[in-house]
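*Asks:* Below you'll find query-v3.txt; it's compact mmCIF, C-alpha atoms.
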```
# COMPACT_ATOMS: atom_id res chain seq x y z
CA MET A 1 0.00 0.00 0.00
CA LEU A 2 2.74 2.47 0.90
CA ASP A 3 4.39 2.12 -2.52
CA ARG A 4 1.20 3.11 -4.32
CA VAL A 5 -0.21 5.66 -1.89
CA PHE A 6 2.65 7.19 0.11
CA PRO A 7 5.84 6.42 -1.82
CA CYS A 8 7.43 9.48 -0.22
CA LEU A 9 7.71 7.45 2.98
CA VAL A 10 9.49 4.59 1.22
CA ARG A 11 11.89 6.27 -1.18
CA ASP A 12 13.90 9.25 0.09
CA PRO A 13 11.40 9.97 2.88
CA ALA A 14 9.94 13.46 2.83
CA ASP A 15 9.06 13.17 6.52
CA GLU A 16 11.53 11.11 8.53
CA VAL A 17 9.34 10.93 11.63
CA VAL A 18 6.27 9.56 9.83
CA ALA A 19 8.52 7.31 7.72
CA GLY A 20 9.67 5.81 11.02
CA TRP A 21 6.06 5.09 11.93
CA ALA A 22 5.56 3.43 8.55
CA ARG A 23 8.57 1.17 9.00
CA VAL A 24 7.11 -0.12 12.27
CA ASP A 25 3.53 -0.46 10.99
CA PRO A 26 2.74 0.03 7.27
CA ARG A 27 -0.99 0.47 7.88
CA PRO A 28 -1.58 4.25 7.74
CA TRP A 29 -4.79 4.10 9.78
CA ALA A 30 -2.81 2.50 12.62
CA TRP A 31 -0.75 5.69 12.92
CA LEU A 32 -3.95 7.48 13.91
CA ASP A 33 -4.80 4.97 16.64
CA ASP A 34 -2.04 6.27 18.91
CA LEU A 35 -1.24 9.58 17.22
CA ASP A 36 -1.27 11.36 20.57
CA ALA A 37 1.55 9.19 21.93
CA ARG A 38 3.48 9.27 18.65
CA ILE A 39 3.59 13.07 18.63
CA ARG A 40 4.43 13.33 22.31
CA SER A 41 7.34 10.95 21.81
CA VAL A 42 9.08 13.42 19.51
CA VAL A 43 7.76 16.76 20.80
CA ALA A 44 8.36 18.09 24.29
CA PRO A 45 5.18 18.89 26.26
CA GLY A 46 3.98 22.44 26.64
CA VAL A 47 3.66 25.30 24.21
CA ARG A 48 6.86 26.07 22.34
CA VAL A 49 6.68 29.03 20.02
CA ASP A 50 9.34 30.24 17.62
CA THR A 51 10.08 33.85 18.52
CA THR A 52 9.64 34.92 14.89
CA ASN A 53 5.93 34.05 15.04
CA GLU A 54 3.45 36.79 15.82
CA LEU A 55 0.54 34.99 17.44
CA VAL A 56 -1.99 37.80 17.25
CA GLN A 57 -5.53 36.83 18.25
CA VAL A 58 -4.67 33.14 18.16
CA SER A 59 -6.43 30.79 20.60
CA ILE A 60 -4.16 28.00 21.87
CA GLU A 61 -6.28 25.84 24.14
CA ALA A 62 -4.35 22.64 23.53
CA GLU A 63 -1.94 21.68 26.30
CA ALA A 64 0.89 20.70 23.94
CA VAL A 65 1.60 22.67 20.80
CA TYR A 66 4.89 22.86 18.96
CA LEU A 67 5.55 25.36 16.21
CA ALA A 68 8.80 24.53 14.48
CA PRO A 69 11.09 27.34 13.35
CA GLY A 70 9.63 29.05 10.31
CA ALA A 71 6.06 27.89 10.96
CA ARG A 72 3.58 30.73 10.48
CA VAL A 73 0.24 31.20 12.23
CA GLU A 74 -2.17 33.89 11.05
CA PRO A 75 -4.78 35.71 13.18
CA GLY A 76 -7.90 33.84 14.21
CA VAL A 77 -6.42 30.33 14.25
CA VAL A 78 -7.81 28.04 16.97
CA MET A 79 -5.85 25.04 18.28
CA VAL A 80 -7.52 22.68 20.76
CA GLN A 81 -6.98 19.18 22.17
CA GLY A 82 -3.24 18.76 21.69
CA PRO A 83 -0.74 17.57 20.98
CA ILE A 84 -0.36 19.53 17.77
CA TYR A 85 2.84 19.69 15.73
CA VAL A 86 3.29 22.35 13.04
CA GLY A 87 6.42 21.72 11.00
CA PRO A 88 9.02 24.07 9.53
CA ASP A 89 7.59 26.58 7.04
CA ALA A 90 4.07 25.22 7.49
CA VAL A 91 1.29 27.82 7.42
CA LEU A 92 -1.96 27.96 9.38
CA ARG A 93 -4.00 30.62 7.63
CA ALA A 94 -6.60 32.88 9.19
CA HIS A 95 -9.39 31.12 11.10
CA ALA A 96 -8.11 27.59 10.59
CA TYR A 97 -9.33 25.19 13.30
CA ILE A 98 -7.01 22.42 14.50
CA ARG A 99 -8.29 19.63 16.77
CA GLY A 100 -5.46 17.48 17.98
CA PRO A 101 -3.78 15.21 17.96
CA ALA A 102 -2.53 16.52 14.64
CA TRP A 103 0.72 16.35 12.68
CA ILE A 104 1.10 19.13 10.13
CA GLY A 105 4.31 18.48 8.24
CA GLU A 106 6.96 20.72 6.78
CA GLY A 107 5.60 23.26 4.32
CA ALA A 108 2.00 22.08 4.69
CA VAL A 109 -0.81 24.62 4.44
CA VAL A 110 -4.07 24.67 6.39
CA GLY A 111 -6.13 27.42 4.87
CA HIS A 112 -8.85 29.84 5.82
CA ALA A 113 -11.74 28.15 7.65
CA SER A 114 -10.27 24.67 7.13
CA GLU A 115 -10.62 22.15 9.95
CA ILE A 116 -8.05 19.47 10.71
CA LYS A 117 -9.10 16.79 13.20
CA SER A 118 -6.89 13.92 14.41
CA SER A 119 -4.97 13.77 11.14
CA VAL A 120 -1.54 13.68 9.52
CA LEU A 121 -0.54 16.07 6.74
CA LEU A 122 2.75 15.13 5.14
CA LYS A 123 5.32 17.51 3.67
CA GLY A 124 3.77 20.14 1.42
CA ALA A 125 0.18 18.88 1.73
CA HIS A 126 -2.40 21.63 1.14
CA ALA A 127 -5.91 22.04 2.53
CA PRO A 128 -6.11 25.72 1.60
CA HIS A 129 -9.79 26.70 1.58
CA PHE A 130 -12.82 25.57 3.63
CA ALA A 131 -11.73 21.91 3.86
CA PHE A 132 -12.58 19.27 6.46
CA VAL A 133 -9.87 16.69 7.11
CA GLY A 134 -11.05 14.20 9.73
CA ASP A 135 -9.04 11.17 10.93
CA SER A 136 -7.11 11.11 7.66
CA VAL A 137 -3.61 10.97 6.21
CA VAL A 138 -2.88 13.44 3.41
CA GLY A 139 0.22 12.67 1.35
CA ALA A 140 3.19 14.81 0.45
CA GLY A 141 2.31 17.51 -2.05
CA ALA A 142 -1.36 16.52 -2.18
CA ASN A 143 -3.90 19.30 -2.69
CA LEU A 144 -7.49 19.50 -1.50
CA GLY A 145 -9.56 21.99 -3.50
CA ALA A 146 -11.90 24.47 -1.86
CA GLY A 147 -14.70 22.81 0.08
CA VAL A 148 -13.29 19.28 0.00
CA ARG A 149 -14.63 17.02 2.76
CA LEU A 150 -12.85 13.87 3.92
CA ALA A 151 -15.82 12.32 5.73
CA ASN A 152 -14.82 10.17 8.70
CA PHE A 153 -17.99 8.56 10.09
CA ARG A 154 -20.28 5.97 8.50
CA ILE A 155 -23.95 6.86 8.58
CA ASP A 156 -24.71 3.46 10.16
CA GLY A 157 -22.01 3.90 12.82
CA ARG A 158 -20.18 0.67 11.92
CA ALA A 159 -16.42 0.30 11.92
CA VAL A 160 -14.79 1.68 8.79
CA ARG A 161 -13.15 -0.71 6.33
CA VAL A 162 -10.46 0.28 3.84
CA ALA A 163 -10.75 -0.86 0.24
CA TRP A 164 -7.59 -2.29 -1.28
CA GLY A 165 -8.11 -3.89 -4.66
CA GLU A 166 -10.87 -6.44 -4.30
CA THR A 167 -10.45 -6.77 -0.53
CA ARG A 168 -11.82 -4.81 2.38
CA LEU A 169 -9.39 -4.36 5.26
CA GLU A 170 -10.79 -4.14 8.75
CA THR A 171 -9.47 -1.12 10.65
CA GLY A 172 -11.43 -1.44 13.88
CA ARG A 173 -12.00 2.32 13.78
CA ARG A 174 -15.43 3.94 14.03
CA LYS A 175 -13.89 7.12 12.62
CA LEU A 176 -11.58 7.06 9.64
CA GLY A 177 -11.51 9.52 6.77
CA ALA A 178 -9.35 9.12 3.69
CA LEU A 179 -5.82 8.12 2.77
CA VAL A 180 -4.93 10.71 0.13
CA GLY A 181 -1.84 9.70 -1.83
CA ASP A 182 1.25 11.79 -2.50
CA GLY A 183 0.64 14.44 -5.14
CA ALA A 184 -3.06 13.63 -5.46
CA SER A 185 -5.42 16.50 -6.22
CA LEU A 186 -9.12 16.69 -5.37
CA GLY A 187 -11.30 19.19 -7.19
CA CYS A 188 -13.46 21.71 -5.35
CA ASN A 189 -16.38 20.45 -3.25
CA SER A 190 -15.46 16.80 -3.66
CA VAL A 191 -16.33 14.34 -0.87
CA THR A 192 -14.58 11.12 0.09
CA ASN A 193 -16.58 8.50 1.96
CA PRO A 194 -15.03 6.95 5.10
CA GLY A 195 -12.15 4.62 4.28
CA THR A 196 -11.49 5.95 0.77
CA VAL A 197 -7.95 5.43 -0.55
CA LEU A 198 -6.52 7.59 -3.35
CA ALA A 199 -3.37 6.40 -5.09
CA ALA A 200 -0.45 8.77 -5.49
CA GLY A 201 -0.91 11.27 -8.31
CA VAL A 202 -4.67 10.80 -8.77
CA ARG A 203 -6.55 13.77 -10.23
CA VAL A 204 -10.18 14.04 -9.14
CA PRO A 205 -12.65 16.41 -10.88
CA ALA A 206 -14.69 18.92 -8.89
CA LEU A 207 -17.91 17.76 -7.24
CA SER A 208 -16.83 14.11 -7.13
CA ASN A 209 -18.23 11.62 -4.62
CA LEU A 210 -15.56 9.01 -3.95
CA ARG A 211 -15.43 5.65 -2.22
CA GLY A 212 -13.22 2.56 -2.22
CA PHE A 213 -9.81 2.57 -3.90
CA VAL A 214 -9.24 5.25 -6.51
CA SER A 215 -6.27 4.56 -8.78
CA ALA A 216 -4.51 6.74 -11.30
CA PRO A 217 -5.58 6.15 -14.93
```
As structure tokens, what does this structure read like?
*Replies:*
Amino acid sequence: MLDRVFPCLVRDPADEVVAGWARVDPRPWAWLDDLDARIRSVVAPGVRVDTTNELVQVSIEAEAVYLAPGARVEPGVVMVQGPIYVGPDAVLRAHAYIRGPAWIGEGAVVGHASEIKSSVLLKGAHAPHFAFVGDSVVGAGANLGAGVRLANFRIDGRAVRVAWGETRLETGRRKLGALVGDGASLGCNSVTNPGTVLAAGVRVPALSNLRGFVSAP
């Protein structure tokens, strides 16, 4: 799965920390099961803020937030339920809402009015406008168009299964969004159903409703 969805973690890893998680357990949804502990193992507790950041009108209610050097946080951002890691040169734009635990990798962008909940954004991932990313992993360089929703809860409340080829993999999770591959791009106002997997490099038109495994043509 990693080779087809998150090759950045296999070849010349773009994010060494998450690549380490992948070497121990190649199931991406398993990284979310204990994301709190994973982040705390590499980030010291408490709020650590790079002195170059100007946190004007920012609400930090989470007990453990780390902003790496070069990370930028615009006015109106809300961060709750840590731990939350914001990597080097990552940007949280005005009025983004972050519900930890969350890992926002180097150069990632969380845009205006976007919500990130219990998710991992790899290096250079973008959720720039009005997106919802719930219990998901978004690959390196992937882009979510305006209004994209990575839905994380089945309407019947059953555990989410992940589609891989003709099989359905049990995750044991009641909440699981999408695994969005490296360099994938979702058009505006698209929705992924819980457990959707997008291969690396997939291009999805606007207003799409996705489920199962979506491969590149």
*Asks:* Determine, for each residue of stretch 5-108 of chain A having at least one atom at most 10 Å from an atom of stretch 189-212 of chain A, the closest pair of atoms and their separation in Å to one decimal, counting only C-alpha atoms; order by chain and ascending number, as a Markdown table.
*Replies:*
```
| residue | atom | partner | partner_atom | distance |
| --- | --- | --- | --- | --- |
| A:Val5 | CA | A:Ala199 | CA | 4.6 |
| A:Phe6 | CA | A:Ala200 | CA | 6.6 |
| A:Pro7 | CA | A:Ala200 | CA | 7.7 |
| A:Cys8 | CA | A:Ala200 | CA | 9.5 |
| A:Trp29 | CA | A:Gly195 | CA | 9.2 |
```
*Asks:* Would you work out the distance separating atom CA of A:Arg72 from atom CA of A:Phe130, expressed in Å to one decimal?
*Replies:*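 If I compute the distance from atom CA of A:Arg72 to atom CA of A:Phe130, I get 18.5 Å.
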*Asks:* Of the candidates A:Thr167, A:Ser41, A:Asn152, A:Asn143, which one gets nearest to A:Val109 if we count all atoms listed in the file?
*Replies:*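 The closest residue to A:Val109 is A:Asn143.
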*Asks:* Rounded to one decimal in Å, what is the spacing between atom CA of A:Ala142 and atom CA of A:Ala159?
*Replies:* 26.2 Å
*Asks:* By how many Å are atom CA of A:Arg27 and atom CA of A:Met1 apart?
*Replies:* 8.0 Å
*Asks:* Taking the point (-10.7, 31.2, 11.8) as given in the file, collect each protein or nucleic acid residue that comes within 7 Å of it, counting only C-alpha atoms, and present the set as number ranges by chain.
*Replies:* A: 76-78, 94-97, 112-113
*Asks:* Rank nothing, just name the residue among A:Val10, A:Glu106, A:Asp33, A:Gly100 nearest to A:Pro69, using all atoms listed in the file.
*Replies:*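 Nearest to A:Pro69: A:Glu106.
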*Asks:* Name the closest residue to A:Tyr85 among the candidates A:Ala131, A:Ala125, A:Asp36, A:Ser136; distances are taken between atoms, counting all atoms listed in the file.
*Replies:* A:Asp36
